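The structure file target_31.cif is reproduced below (mmCIF, C-alpha atoms).
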```
data_work
loop_
_atom_site.label_atom_id
_atom_site.label_comp_id
_atom_site.auth_asym_id
_atom_site.auth_seq_id
_atom_site.Cartn_x
_atom_site.Cartn_y
_atom_site.Cartn_z
CA MET V 1 54.47 62.15 5.17
CA VAL V 2 56.42 63.36 2.13
CA GLU V 3 58.63 61.80 -0.51
CA CYS V 4 62.39 61.99 -0.18
CA VAL V 5 63.52 64.35 -2.93
CA ILE V 6 66.36 61.98 -3.86
CA CYS V 7 64.95 58.44 -3.77
CA GLY V 8 61.19 58.85 -3.41
CA ALA V 9 60.99 56.96 -0.11
CA GLU V 10 58.26 57.95 2.34
CA VAL V 11 59.61 60.30 4.99
CA THR V 12 57.57 60.83 8.15
CA LYS V 13 57.29 64.18 9.93
CA PRO V 14 58.72 63.95 13.47
CA ASN V 15 56.22 64.86 16.22
CA ASP V 16 58.28 67.79 17.44
CA ALA V 17 59.53 68.93 14.02
CA VAL V 18 60.85 72.46 13.59
CA ILE V 19 61.77 74.32 10.46
CA GLY V 20 65.45 73.96 9.65
CA GLU V 21 65.73 70.62 11.42
CA LEU V 22 67.73 67.92 9.61
CA ILE V 23 66.22 64.47 9.22
CA ILE V 24 67.63 61.40 7.49
CA CYS V 25 65.92 59.49 4.70
CA PRO V 26 65.57 55.88 5.91
CA ASP V 27 66.33 54.43 2.46
CA CYS V 28 69.10 56.47 0.84
CA GLY V 29 70.51 58.17 3.93
CA THR V 30 70.23 61.66 2.47
CA GLU V 31 70.11 64.52 4.96
CA LEU V 32 66.88 66.42 4.43
CA GLU V 33 66.15 69.86 5.81
CA ILE V 34 62.61 70.55 6.97
CA THR V 35 61.44 73.64 5.07
CA GLY V 36 57.74 73.64 5.99
CA LEU V 37 55.50 72.18 8.68
CA ASP V 38 51.99 72.61 7.32
CA PRO V 39 52.19 71.33 4.70
CA PHE V 40 55.24 69.26 5.60
CA THR V 41 58.03 69.92 3.08
CA VAL V 42 61.70 68.97 2.88
CA GLU V 43 64.67 69.82 0.71
CA GLU V 44 68.05 68.19 0.37
CA ALA V 45 70.34 69.66 3.01
CA PRO V 46 73.54 71.29 1.74
CA GLN V 47 76.33 68.71 1.62
CA GLU V 48 79.96 69.07 2.52
CA GLN V 49 82.11 68.03 -0.41
CA GLU V 50 84.40 65.16 0.46
CA ASP V 51 86.96 63.19 -1.48
CA TRP V 52 86.07 59.53 -1.12
CA GLY V 53 87.33 58.07 -4.39
CA GLU V 54 90.74 57.18 -5.64
CA MET W 1 60.22 20.31 15.64
CA GLU W 2 62.10 17.09 14.91
CA LYS W 3 65.49 17.79 13.36
CA ILE W 4 65.82 17.34 9.61
CA LYS W 5 68.50 14.79 8.72
CA THR W 6 70.87 16.12 6.09
CA SER W 7 73.97 14.82 4.39
CA ILE W 8 76.51 16.61 2.23
CA VAL W 9 77.99 14.93 -0.81
CA GLY W 10 81.34 16.52 -1.52
CA GLY W 11 82.08 18.26 1.74
CA SER W 12 85.79 18.87 1.31
CA GLY W 13 85.38 21.60 -1.30
CA TYR W 14 84.87 25.24 -0.47
CA ALA W 15 81.11 25.33 -1.07
CA GLY W 16 80.57 22.02 0.77
CA GLY W 17 82.68 23.22 3.68
CA GLU W 18 80.79 26.46 3.92
CA LEU W 19 77.52 24.56 3.84
CA LEU W 20 78.74 22.31 6.66
CA ARG W 21 79.56 25.40 8.73
CA LEU W 22 76.02 26.70 8.23
CA LEU W 23 74.24 23.39 8.81
CA LEU W 24 76.11 22.65 12.06
CA PHE W 25 74.63 25.81 13.59
CA HIS W 26 71.14 25.52 12.12
CA PRO W 27 68.64 24.84 14.92
CA ASN W 28 66.44 22.53 12.82
CA VAL W 29 69.16 20.42 11.23
CA GLU W 30 71.18 17.33 12.06
CA VAL W 31 74.18 16.69 9.84
CA GLN W 32 74.24 12.92 9.37
CA GLN W 33 77.10 12.33 6.93
CA VAL W 34 79.60 14.28 4.86
CA THR W 35 81.37 12.60 1.98
CA SER W 36 84.78 13.04 0.43
CA GLU W 37 86.45 10.35 -1.60
CA ARG W 38 89.86 11.96 -1.15
CA PHE W 39 89.58 12.52 2.60
CA ALA W 40 87.39 9.55 3.54
CA PHE W 41 87.69 8.48 7.22
CA LYS W 42 89.48 11.69 8.18
CA LEU W 43 87.92 14.35 10.40
CA VAL W 44 85.97 16.99 8.48
CA THR W 45 88.07 19.55 10.31
CA ARG W 46 91.02 18.39 8.20
CA THR W 47 89.64 20.44 5.30
CA ASN W 48 87.46 22.78 7.38
CA PRO W 49 89.78 23.84 10.21
CA ASN W 50 87.45 26.68 11.24
CA LEU W 51 85.09 23.99 12.58
CA ARG W 52 87.51 22.54 15.16
CA LYS W 53 85.80 21.94 18.49
CA ASN W 54 82.43 22.24 16.77
CA THR W 55 82.16 18.77 15.30
CA THR W 56 83.77 15.35 15.44
CA LEU W 57 82.28 14.18 12.15
CA LYS W 58 84.48 12.22 9.77
CA PHE W 59 84.21 12.11 6.02
CA CYS W 60 82.77 8.95 4.55
CA GLN W 61 82.68 7.66 0.98
CA MET W 62 79.72 8.17 -1.32
CA ASP W 63 78.98 4.46 -1.34
CA GLU W 64 78.45 4.57 2.43
CA LEU W 65 75.68 7.14 2.27
CA LYS W 66 72.55 6.29 4.24
CA SER W 67 69.02 7.52 3.69
CA CYS W 68 68.35 11.03 4.91
CA ASP W 69 65.74 13.75 4.54
CA VAL W 70 67.77 16.15 2.41
CA LEU W 71 70.89 15.59 0.37
CA PHE W 72 73.08 18.58 -0.45
CA VAL W 73 75.19 17.72 -3.47
CA CYS W 74 78.39 19.76 -3.85
CA LEU W 75 80.20 17.75 -6.51
CA PRO W 76 82.18 19.23 -9.39
CA HIS W 77 80.17 20.23 -12.45
CA GLY W 78 79.28 17.18 -14.55
CA SER W 79 79.57 14.65 -11.71
CA SER W 80 76.22 15.20 -10.07
CA SER W 81 73.90 14.37 -12.96
CA LYS W 82 75.66 11.02 -13.46
CA ARG W 83 74.65 9.92 -9.94
CA PHE W 84 71.24 11.54 -9.81
CA GLU W 85 69.34 8.23 -9.69
CA GLN W 86 71.47 7.05 -6.74
CA PHE W 87 70.93 10.31 -4.89
CA LYS W 88 67.18 10.20 -5.53
CA SER W 89 67.02 6.77 -3.92
CA LEU W 90 68.68 8.14 -0.77
CA ALA W 91 66.69 11.30 -0.10
CA PRO W 92 63.30 12.70 -1.05
CA LYS W 93 64.73 16.20 -1.32
CA ILE W 94 67.92 17.21 -3.13
CA ILE W 95 69.66 20.57 -3.31
CA ASP W 96 72.38 20.50 -5.93
CA LEU W 97 75.09 23.17 -6.01
CA SER W 98 76.64 22.23 -9.35
CA ALA W 99 75.75 23.61 -12.78
CA ASP W 100 74.24 20.27 -13.88
CA PHE W 101 70.55 21.07 -13.39
CA ARG W 102 70.38 24.85 -13.73
CA LEU W 103 69.12 25.15 -17.28
CA ASN W 104 65.65 24.38 -18.65
CA LYS W 105 64.29 22.92 -15.38
CA LYS W 106 66.29 19.75 -16.06
CA ASP W 107 64.84 16.70 -14.26
CA GLY W 108 62.28 18.96 -12.58
CA PHE W 109 64.82 21.10 -10.70
CA VAL W 110 63.78 24.61 -9.68
CA TYR W 111 66.40 27.28 -10.39
CA GLY W 112 67.82 28.23 -7.03
CA ILE W 113 67.42 31.97 -6.60
CA PRO W 114 64.73 32.30 -3.90
CA GLU W 115 63.94 35.91 -4.76
CA LEU W 116 62.71 34.75 -8.18
CA HIS W 117 61.36 31.27 -7.42
CA ARG W 118 60.17 31.29 -3.83
CA GLU W 119 56.71 29.86 -4.54
CA GLU W 120 58.07 27.05 -6.72
CA MET W 121 60.59 26.19 -4.00
CA GLN W 122 57.80 25.73 -1.47
CA LYS W 123 56.40 22.91 -3.61
CA THR W 124 59.47 21.24 -5.12
CA ASN W 125 61.76 18.46 -3.94
CA PHE W 126 64.69 19.47 -6.17
CA VAL W 127 66.52 22.78 -6.20
CA SER W 128 69.50 23.60 -8.36
CA SER W 129 71.48 26.31 -6.63
CA ALA W 130 72.39 29.18 -8.95
CA GLY W 131 75.88 30.14 -10.09
CA CYS W 132 77.60 32.85 -8.10
CA ASN W 133 78.27 35.29 -10.95
CA ALA W 134 74.80 34.60 -12.31
CA THR W 135 73.25 35.32 -8.91
CA ALA W 136 75.00 38.69 -8.59
CA THR W 137 74.00 39.67 -12.12
CA ILE W 138 70.43 38.38 -12.07
CA LEU W 139 69.54 40.03 -8.78
CA ALA W 140 71.08 43.29 -9.99
CA LEU W 141 69.14 43.39 -13.26
CA TYR W 142 65.90 41.54 -12.45
CA PRO W 143 63.84 44.67 -11.60
CA LEU W 144 64.78 46.31 -14.90
CA PHE W 145 64.14 43.33 -17.20
CA LYS W 146 61.00 42.26 -15.38
CA ASN W 147 59.51 45.70 -15.93
CA ASN W 148 60.80 45.92 -19.53
CA LEU W 149 62.73 49.13 -18.87
CA VAL W 150 65.95 48.45 -20.77
CA ASP W 151 67.16 47.66 -24.28
CA LEU W 152 67.00 43.86 -24.39
CA HIS W 153 70.15 43.44 -26.46
CA LYS W 154 72.63 45.99 -25.14
CA THR W 155 73.59 44.70 -21.71
CA VAL W 156 77.26 44.46 -20.75
CA VAL W 157 78.29 42.83 -17.47
CA GLU W 158 81.80 42.65 -16.04
CA VAL W 159 82.39 40.65 -12.88
CA LYS W 160 85.46 40.78 -10.68
CA VAL W 161 85.84 37.57 -8.75
CA GLY W 162 87.91 36.04 -5.96
CA SER W 163 90.08 32.95 -6.13
CA SER W 164 87.69 30.69 -4.22
CA GLU W 165 85.43 30.65 -7.29
CA GLY W 166 88.02 28.35 -8.83
CA GLY W 167 87.53 25.69 -6.16
CA ASN W 168 90.22 24.08 -4.03
CA LYS W 169 92.06 22.19 -6.77
CA PHE W 170 95.37 23.88 -7.43
CA SER W 171 96.94 24.40 -10.82
CA GLU W 172 99.90 26.15 -12.38
CA SER W 173 97.84 29.32 -12.69
CA SER W 174 96.91 29.28 -8.99
CA HIS W 175 100.54 28.93 -7.86
CA HIS W 176 101.19 31.84 -5.49
CA PRO W 177 103.91 33.66 -7.48
CA GLU W 178 101.65 33.50 -10.54
CA ARG W 179 98.40 34.50 -8.89
CA SER W 180 99.51 37.02 -6.32
CA GLY W 181 98.64 40.57 -7.31
CA LEU W 182 96.88 39.53 -10.47
CA VAL W 183 94.07 41.16 -12.46
CA ARG W 184 93.45 38.32 -14.89
CA SER W 185 90.82 38.43 -17.59
CA PHE W 186 90.04 34.72 -17.52
CA MET W 187 86.72 34.56 -19.36
CA PRO W 188 86.13 37.62 -21.58
CA THR W 189 83.31 35.84 -23.42
CA ASN W 190 81.38 32.59 -23.33
CA HIS W 191 81.18 32.16 -19.54
CA ARG W 192 78.95 29.25 -18.48
CA HIS W 193 76.88 31.47 -16.19
CA ASN W 194 75.74 33.65 -19.10
CA LYS W 195 73.15 31.04 -20.09
CA GLU W 196 71.64 31.19 -16.60
CA ILE W 197 71.47 34.97 -16.76
CA ILE W 198 69.71 34.92 -20.13
CA GLN W 199 67.32 32.20 -18.95
CA GLU W 200 66.27 34.10 -15.83
CA LEU W 201 66.09 37.61 -17.31
CA SER W 202 64.20 36.77 -20.52
CA PHE W 203 60.56 37.65 -20.02
CA GLY W 204 59.18 36.68 -23.43
CA GLU W 205 61.80 37.72 -25.97
CA LYS W 206 65.23 36.13 -25.43
CA ILE W 207 67.69 38.80 -24.32
CA THR W 208 71.36 39.31 -25.10
CA VAL W 209 73.94 39.74 -22.34
CA HIS W 210 77.62 40.40 -23.02
CA PHE W 211 79.40 38.97 -19.98
CA SER W 212 83.08 39.01 -18.96
CA ALA W 213 84.85 37.78 -15.85
CA THR W 214 88.09 38.97 -14.32
CA ALA W 215 89.93 37.30 -11.45
CA ILE W 216 91.41 39.71 -8.93
CA GLU W 217 93.37 39.64 -5.69
CA MET W 218 90.55 38.52 -3.40
CA VAL W 219 89.66 35.16 -1.82
CA ARG W 220 85.89 35.52 -1.52
CA GLY W 221 83.55 37.81 -3.37
CA VAL W 222 81.95 38.88 -6.61
CA LEU W 223 81.46 42.44 -7.77
CA ALA W 224 79.25 42.73 -10.86
CA THR W 225 79.21 45.98 -12.81
CA CYS W 226 76.27 45.90 -15.20
CA HIS W 227 75.73 48.45 -17.97
CA VAL W 228 72.20 48.69 -19.39
CA PHE W 229 70.48 51.28 -21.57
CA LEU W 230 67.11 52.54 -20.45
CA ASN W 231 64.24 52.66 -22.94
CA GLU W 232 63.09 55.92 -21.35
CA ASN W 233 65.21 58.59 -19.74
CA LEU W 234 64.20 57.76 -16.17
CA GLU W 235 65.41 59.74 -13.18
CA GLU W 236 67.29 58.11 -10.32
CA LYS W 237 64.26 58.56 -8.10
CA ASP W 238 62.27 56.40 -10.55
CA ILE W 239 64.96 53.73 -10.45
CA TRP W 240 64.87 53.79 -6.65
CA LYS W 241 61.13 53.15 -6.73
CA ILE W 242 61.50 50.20 -9.09
CA TYR W 243 64.19 48.55 -6.97
CA ARG W 244 62.23 49.24 -3.81
CA LYS W 245 59.15 47.63 -5.35
CA GLU W 246 60.94 44.47 -6.49
CA HIS W 247 63.54 44.00 -3.76
CA GLY W 248 62.38 46.17 -0.86
CA ASN W 249 60.91 43.30 1.15
CA GLU W 250 63.67 40.80 0.44
CA PRO W 251 65.53 39.87 3.64
CA PHE W 252 68.86 39.40 1.89
CA ILE W 253 68.87 42.25 -0.62
CA ARG W 254 70.00 45.71 0.36
CA ILE W 255 69.95 48.78 -1.86
CA VAL W 256 73.30 50.45 -1.22
CA LYS W 257 73.54 53.91 -2.69
CA ASP W 258 74.76 56.35 -0.10
CA ARG W 259 75.59 59.95 -0.83
CA GLU W 260 78.14 60.27 1.95
CA GLY W 261 80.74 58.13 3.67
CA ILE W 262 83.25 55.59 2.42
CA TYR W 263 81.07 52.65 1.38
CA ARG W 264 78.68 54.38 -1.02
CA TYR W 265 78.24 51.41 -3.34
CA PRO W 266 78.32 47.64 -2.81
CA GLU W 267 81.66 46.15 -1.87
CA PRO W 268 82.23 42.40 -1.58
CA LYS W 269 84.58 42.54 1.37
CA LEU W 270 81.83 43.76 3.70
CA LEU W 271 79.76 40.72 2.74
CA ILE W 272 82.24 37.99 3.61
CA GLY W 273 80.37 35.22 5.41
CA THR W 274 76.97 36.83 4.89
CA ASN W 275 74.04 35.89 2.67
CA TYR W 276 73.42 39.44 1.51
CA CYS W 277 73.38 40.75 -2.02
CA ASP W 278 74.04 44.49 -2.02
CA ILE W 279 72.86 46.41 -5.06
CA GLY W 280 73.54 50.01 -6.05
CA PHE W 281 73.15 52.05 -9.24
CA GLU W 282 73.99 55.31 -10.90
CA LYS W 283 72.38 56.88 -13.94
CA ASP W 284 74.76 58.48 -16.42
CA PRO W 285 73.58 62.11 -16.58
CA ASN W 286 74.72 62.40 -20.21
CA SER W 287 73.02 59.32 -21.68
CA ASN W 288 70.44 56.61 -21.03
CA ARG W 289 73.09 54.32 -19.57
CA LEU W 290 72.37 52.97 -16.12
CA VAL W 291 75.20 51.28 -14.23
CA VAL W 292 74.01 48.71 -11.69
CA ILE W 293 76.55 47.37 -9.23
CA SER W 294 76.02 44.28 -7.10
CA ALA W 295 78.18 42.39 -4.63
CA ILE W 296 77.94 39.02 -2.90
CA ASP W 297 80.11 36.47 -1.12
CA ASN W 298 80.41 33.80 -3.81
CA LEU W 299 80.47 30.99 -1.24
CA MET W 300 77.41 32.32 0.60
CA LYS W 301 74.75 34.05 -1.50
CA GLY W 302 76.56 32.56 -4.48
CA ALA W 303 76.53 28.98 -3.16
CA ALA W 304 76.04 27.59 0.37
CA GLY W 305 74.04 30.46 1.87
CA GLN W 306 71.62 30.54 -1.00
CA ALA W 307 71.27 26.75 -0.84
CA LEU W 308 70.37 26.98 2.85
CA GLN W 309 67.90 29.77 2.12
CA ALA W 310 66.23 27.42 -0.39
CA PHE W 311 66.29 24.60 2.18
CA ASN W 312 64.49 26.83 4.70
CA ILE W 313 61.83 27.74 2.15
CA MET W 314 61.33 24.09 1.13
CA HIS W 315 60.68 23.24 4.80
CA SER W 316 58.54 26.28 5.69
CA ILE W 317 61.22 27.49 8.10
CA ASP W 318 61.87 31.24 8.38
CA GLU W 319 64.22 31.69 5.44
CA THR W 320 66.75 33.71 7.40
CA THR W 321 67.32 30.88 9.91
CA GLY W 322 71.01 30.10 10.19
CA LEU W 323 71.87 33.00 7.91
CA ASP W 324 71.81 35.96 10.25
CA PHE W 325 75.55 36.76 10.33
CA PRO W 326 75.86 40.47 9.46
CA GLY W 327 79.50 40.43 8.39
CA LEU W 328 82.57 42.10 9.82
CA HIS W 329 83.90 45.63 9.81
CA PRO W 330 86.66 46.51 9.49
CA ILE W 331 87.94 43.48 7.60
#
```
Whole structure given in structure tokens:
Amino acid sequence: MVECVICGAEVTKPNDAVIGELIICPDCGTELEITGLDPFTVEEAPQEQEDWGE
Amino acid sequence: MEKIKTSIVGGSGYAGGELLRLLLFHPNVEVQQVTSERFAFKLVTRTNPNLRKNTTLKFCQMDELKSCDVLFVCLPHGSSSKRFEQFKSLAPKIIDLSADFRLNKKDGFVYGIPELHREEMQKTNFVSSAGCNATATILALYPLFKNNLVDLHKTVVEVKVGSSEGGNKFSESSHHPERSGLVRSFMPTNHRHNKEIIQELSFGEKITVHFSATAIEMVRGVLATCHVFLNENLEEKDIWKIYRKEHGNEPFIRIVKDREGIYRYPEPKLLIGTNYCDIGFEKDPNSNRLVVISAIDNLMKGAAGQALQAFNIMHSIDETTGLDFPGLHPI
């Protein structure tokens, strides 16, 4: 279990986690990249820039 | 469970009609009577055509009201308090949707936002349903004021509202050529709901809220954009934790702050017909300003839906009963 780097929500390590795997924060929806297994660590995954505004 | 007998006073207006829609599908409720002086003896579907084939009820007059278990009062502001004694003699429990009993616990009424007054609602017989703009603003800012995190006198709130907030009485200003396409600043200061906001967000010292309302091209919905100034320079992750702590377990509040996609912040149109209040925020990276955005359907979480949520709590029924519609997309 670690904190989401963006919103601080608890993020659980998947049973079959591998380094580089992308997981989604259940609260803010941020894509997190698994950077370590023992200890379990995540970083924000690189985002594609998109134009969503007006 | 024996069905709870309810009647609606003032069922031809938008809030009363929405309440009728909800009550007709509530598994624990029987709708006994619905009043309208203007449409008395006509089918309720005359003013609520969406309910065709779902009910054969006819409007009656207020003087014909019989005793019931719960009276929902949806009269225009100022009318309800004049008849309070009559209503009390008809039903042991009253849920009033007007502004008449919202301030200072008038006549023992509990202010009708369940997220703030759930325990009081479990014990009371009288609930005064909160104003729609007030609901959107209070739910947006409650976690910050409750935890004393913002300057108490520097809050600015701007709400954009749909036409149904004005009720179903037409006027020159609601005439289609005049209203269509409008962005009308109709209450830049001194809105009635501001007193409710100050009442509910003052924890000790009385706060100041600068509130403005703008009517836009929309039938249902409220979008509140609230500007507050943090006492400390908190990070967004800290704000997340505060909102999660105060609202995380609420069935009808959703924190909406996505980093990708189209709907990154609350938008009223996704909430049409639902009892949700969506809340998002963004911290200004160059100052202590925090912008909190909230959205509701003014006729649901801002009126009938919230009233039914209070009804459920008053009767120890799961508070989401009859309120599980998730909305439509696209719409």
Any idea what's packed within 10 Å of range 303-309 of chain W, counting all atoms listed in the file, ignoring anything in its chain fewer than 4 positions away? Could you give it as a PDB file with C-alpha atoms, keeping the file's coordinate frame?
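Just written: out_38.pdb:
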```pdb
ATOM      1  CA  TYR W  14      84.870  25.240  -0.470  1.00  0.00           C
ATOM      2  CA  ALA W  15      81.110  25.330  -1.070  1.00  0.00           C
ATOM      3  CA  GLY W  16      80.570  22.020   0.770  1.00  0.00           C
ATOM      4  CA  GLY W  17      82.680  23.220   3.680  1.00  0.00           C
ATOM      5  CA  GLU W  18      80.790  26.460   3.920  1.00  0.00           C
ATOM      6  CA  LEU W  19      77.520  24.560   3.840  1.00  0.00           C
ATOM      7  CA  LEU W  20      78.740  22.310   6.660  1.00  0.00           C
ATOM      8  CA  ARG W  21      79.560  25.400   8.730  1.00  0.00           C
ATOM      9  CA  LEU W  22      76.020  26.700   8.230  1.00  0.00           C
ATOM     10  CA  LEU W  23      74.240  23.390   8.810  1.00  0.00           C
ATOM     11  CA  HIS W  26      71.140  25.520  12.120  1.00  0.00           C
ATOM     12  CA  PHE W  72      73.080  18.580  -0.450  1.00  0.00           C
ATOM     13  CA  CYS W  74      78.390  19.760  -3.850  1.00  0.00           C
ATOM     14  CA  ILE W  95      69.660  20.570  -3.310  1.00  0.00           C
ATOM     15  CA  ASP W  96      72.380  20.500  -5.930  1.00  0.00           C
ATOM     16  CA  LEU W  97      75.090  23.170  -6.010  1.00  0.00           C
ATOM     17  CA  SER W  98      76.640  22.230  -9.350  1.00  0.00           C
ATOM     18  CA  GLY W 112      67.820  28.230  -7.030  1.00  0.00           C
ATOM     19  CA  ILE W 113      67.420  31.970  -6.600  1.00  0.00           C
ATOM     20  CA  PRO W 114      64.730  32.300  -3.900  1.00  0.00           C
ATOM     21  CA  ARG W 118      60.170  31.290  -3.830  1.00  0.00           C
ATOM     22  CA  VAL W 127      66.520  22.780  -6.200  1.00  0.00           C
ATOM     23  CA  SER W 128      69.500  23.600  -8.360  1.00  0.00           C
ATOM     24  CA  SER W 129      71.480  26.310  -6.630  1.00  0.00           C
ATOM     25  CA  ALA W 130      72.390  29.180  -8.950  1.00  0.00           C
ATOM     26  CA  GLY W 131      75.880  30.140 -10.090  1.00  0.00           C
ATOM     27  CA  CYS W 132      77.600  32.850  -8.100  1.00  0.00           C
ATOM     28  CA  THR W 135      73.250  35.320  -8.910  1.00  0.00           C
ATOM     29  CA  GLU W 165      85.430  30.650  -7.290  1.00  0.00           C
ATOM     30  CA  PHE W 252      68.860  39.400   1.890  1.00  0.00           C
ATOM     31  CA  GLY W 273      80.370  35.220   5.410  1.00  0.00           C
ATOM     32  CA  THR W 274      76.970  36.830   4.890  1.00  0.00           C
ATOM     33  CA  ASN W 275      74.040  35.890   2.670  1.00  0.00           C
ATOM     34  CA  TYR W 276      73.420  39.440   1.510  1.00  0.00           C
ATOM     35  CA  ASP W 297      80.110  36.470  -1.120  1.00  0.00           C
ATOM     36  CA  ASN W 298      80.410  33.800  -3.810  1.00  0.00           C
ATOM     37  CA  LEU W 299      80.470  30.990  -1.240  1.00  0.00           C
ATOM     38  CA  ILE W 313      61.830  27.740   2.150  1.00  0.00           C
ATOM     39  CA  MET W 314      61.330  24.090   1.130  1.00  0.00           C
ATOM     40  CA  ILE W 317      61.220  27.490   8.100  1.00  0.00           C
ATOM     41  CA  ASP W 318      61.870  31.240   8.380  1.00  0.00           C
ATOM     42  CA  GLU W 319      64.220  31.690   5.440  1.00  0.00           C
ATOM     43  CA  THR W 320      66.750  33.710   7.400  1.00  0.00           C
ATOM     44  CA  THR W 321      67.320  30.880   9.910  1.00  0.00           C
ATOM     45  CA  GLY W 322      71.010  30.100  10.190  1.00  0.00           C
ATOM     46  CA  LEU W 323      71.870  33.000   7.910  1.00  0.00           C
TER      47      LEU W 323
END
```
**OP:** May I have the residues at most 12 Å from (69.5, 60.6, 7.3) in the file's coordinates, counting only C-alpha atoms, as a PyMOL selection string?
**Re:** (chain V and resi 4+6+9+11-12+21-33+44-45) or (chain W and resi 258-260)
Apply the PyMOL selection byres ((chain V and resi 17) around 12) to the displayed file and report the matching residues as a PDB file with C-alpha atoms, keeping the file's coordinate frame.
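Full text of part17.pdb as output:
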```
ATOM      1  CA  THR V  12      57.570  60.830   8.150  1.00  0.00           C
ATOM      2  CA  LYS V  13      57.290  64.180   9.930  1.00  0.00           C
ATOM      3  CA  PRO V  14      58.720  63.950  13.470  1.00  0.00           C
ATOM      4  CA  ASN V  15      56.220  64.860  16.220  1.00  0.00           C
ATOM      5  CA  ASP V  16      58.280  67.790  17.440  1.00  0.00           C
ATOM      6  CA  VAL V  18      60.850  72.460  13.590  1.00  0.00           C
ATOM      7  CA  ILE V  19      61.770  74.320  10.460  1.00  0.00           C
ATOM      8  CA  GLY V  20      65.450  73.960   9.650  1.00  0.00           C
ATOM      9  CA  GLU V  21      65.730  70.620  11.420  1.00  0.00           C
ATOM     10  CA  LEU V  22      67.730  67.920   9.610  1.00  0.00           C
ATOM     11  CA  ILE V  23      66.220  64.470   9.220  1.00  0.00           C
ATOM     12  CA  GLU V  33      66.150  69.860   5.810  1.00  0.00           C
ATOM     13  CA  ILE V  34      62.610  70.550   6.970  1.00  0.00           C
ATOM     14  CA  THR V  35      61.440  73.640   5.070  1.00  0.00           C
ATOM     15  CA  GLY V  36      57.740  73.640   5.990  1.00  0.00           C
ATOM     16  CA  LEU V  37      55.500  72.180   8.680  1.00  0.00           C
ATOM     17  CA  ASP V  38      51.990  72.610   7.320  1.00  0.00           C
ATOM     18  CA  PHE V  40      55.240  69.260   5.600  1.00  0.00           C
ATOM     19  CA  THR V  41      58.030  69.920   3.080  1.00  0.00           C
ATOM     20  CA  VAL V  42      61.700  68.970   2.880  1.00  0.00           C
TER      21      VAL V  42
END
```
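Minimum distance to chain V across W:Phe229, W:Phe145, W:Tyr265, W:Phe126 (counting all atoms listed in the file) occurs at W:Tyr265.
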Original post:
Which residues, written as a PyMOL selection string, have at least one atom at most 9 Å from Gln33 in chain W, with all atoms listed in the file counted and residues fewer than 5 positions away on the same chain left out?
Top reply: chain W and resi 6-9+57-60+65-66
Original post:
What gap, in Å, lies between CA of Thr225 in chain W and CA of Asn249 in chain W?
Top reply: 23.2 Å
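As for CA of Lys82 in chain W and CA of Ser171 in chain W, they are spaced 25.3 Å apart.
If you measure from each of W:Tyr243, W:Phe84, W:Phe25, W:Phe311 to chain V using all atoms listed in the file, the closest one turns out to be W:Tyr243.
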**OP:** Considering all atoms listed in the file, extract the chain W residues located within 12 Å of chain V and return them as a ChimeraX atom specification.
**Re:** /W:235-245,248,254-265,280-282
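We find CA of Ser164 in chain W and CA of Ile279 in chain W to be spaced 21.6 Å apart.
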**OP:** May I have the residues within 10 Å of range 146-160 of chain W as a VMD selection string, using only C-alpha atoms and disregarding those fewer than 2 positions away in the same chain?
**Re:** chain W and resid 133 to 134 136 to 137 141 to 144 162 183 to 185 187 to 188 194 200 to 218 221 to 234 239 242 246 268 288 to 295
With 8 Å of padding per side, what axis-aligned box (centre and edge lengths, Å, one decimal) covers all the listed atoms of range 161-169 of chain W? Give it as JSON.
```
{"center_x": 88.7, "center_y": 29.9, "center_z": -6.4, "size_x": 22.6, "size_y": 31.4, "size_z": 20.8}
```
Subject >> Residues matched by the PyMOL selection byres ((chain W and resi 105) around 12) as an MDAnalysis selection string >> reply: chainID W and resid 99:104 106:112 117 120 124 126:129 196 199:200
Could you state which residues are captured by the PyMOL selection byres ((chain W and resi 92) around 10) in this file, as a CSV table (one decimal) with C-alpha atoms, in the frame of the given file?
```
chain,number,residue,atom,x,y,z
W,67,SER,CA,69.0,7.5,3.7
W,68,CYS,CA,68.4,11.0,4.9
W,69,ASP,CA,65.7,13.8,4.5
W,70,VAL,CA,67.8,16.2,2.4
W,71,LEU,CA,70.9,15.6,0.4
W,87,PHE,CA,70.9,10.3,-4.9
W,88,LYS,CA,67.2,10.2,-5.5
W,89,SER,CA,67.0,6.8,-3.9
W,90,LEU,CA,68.7,8.1,-0.8
W,91,ALA,CA,66.7,11.3,-0.1
W,93,LYS,CA,64.7,16.2,-1.3
W,94,ILE,CA,67.9,17.2,-3.1
W,125,ASN,CA,61.8,18.5,-3.9
W,126,PHE,CA,64.7,19.5,-6.2
```
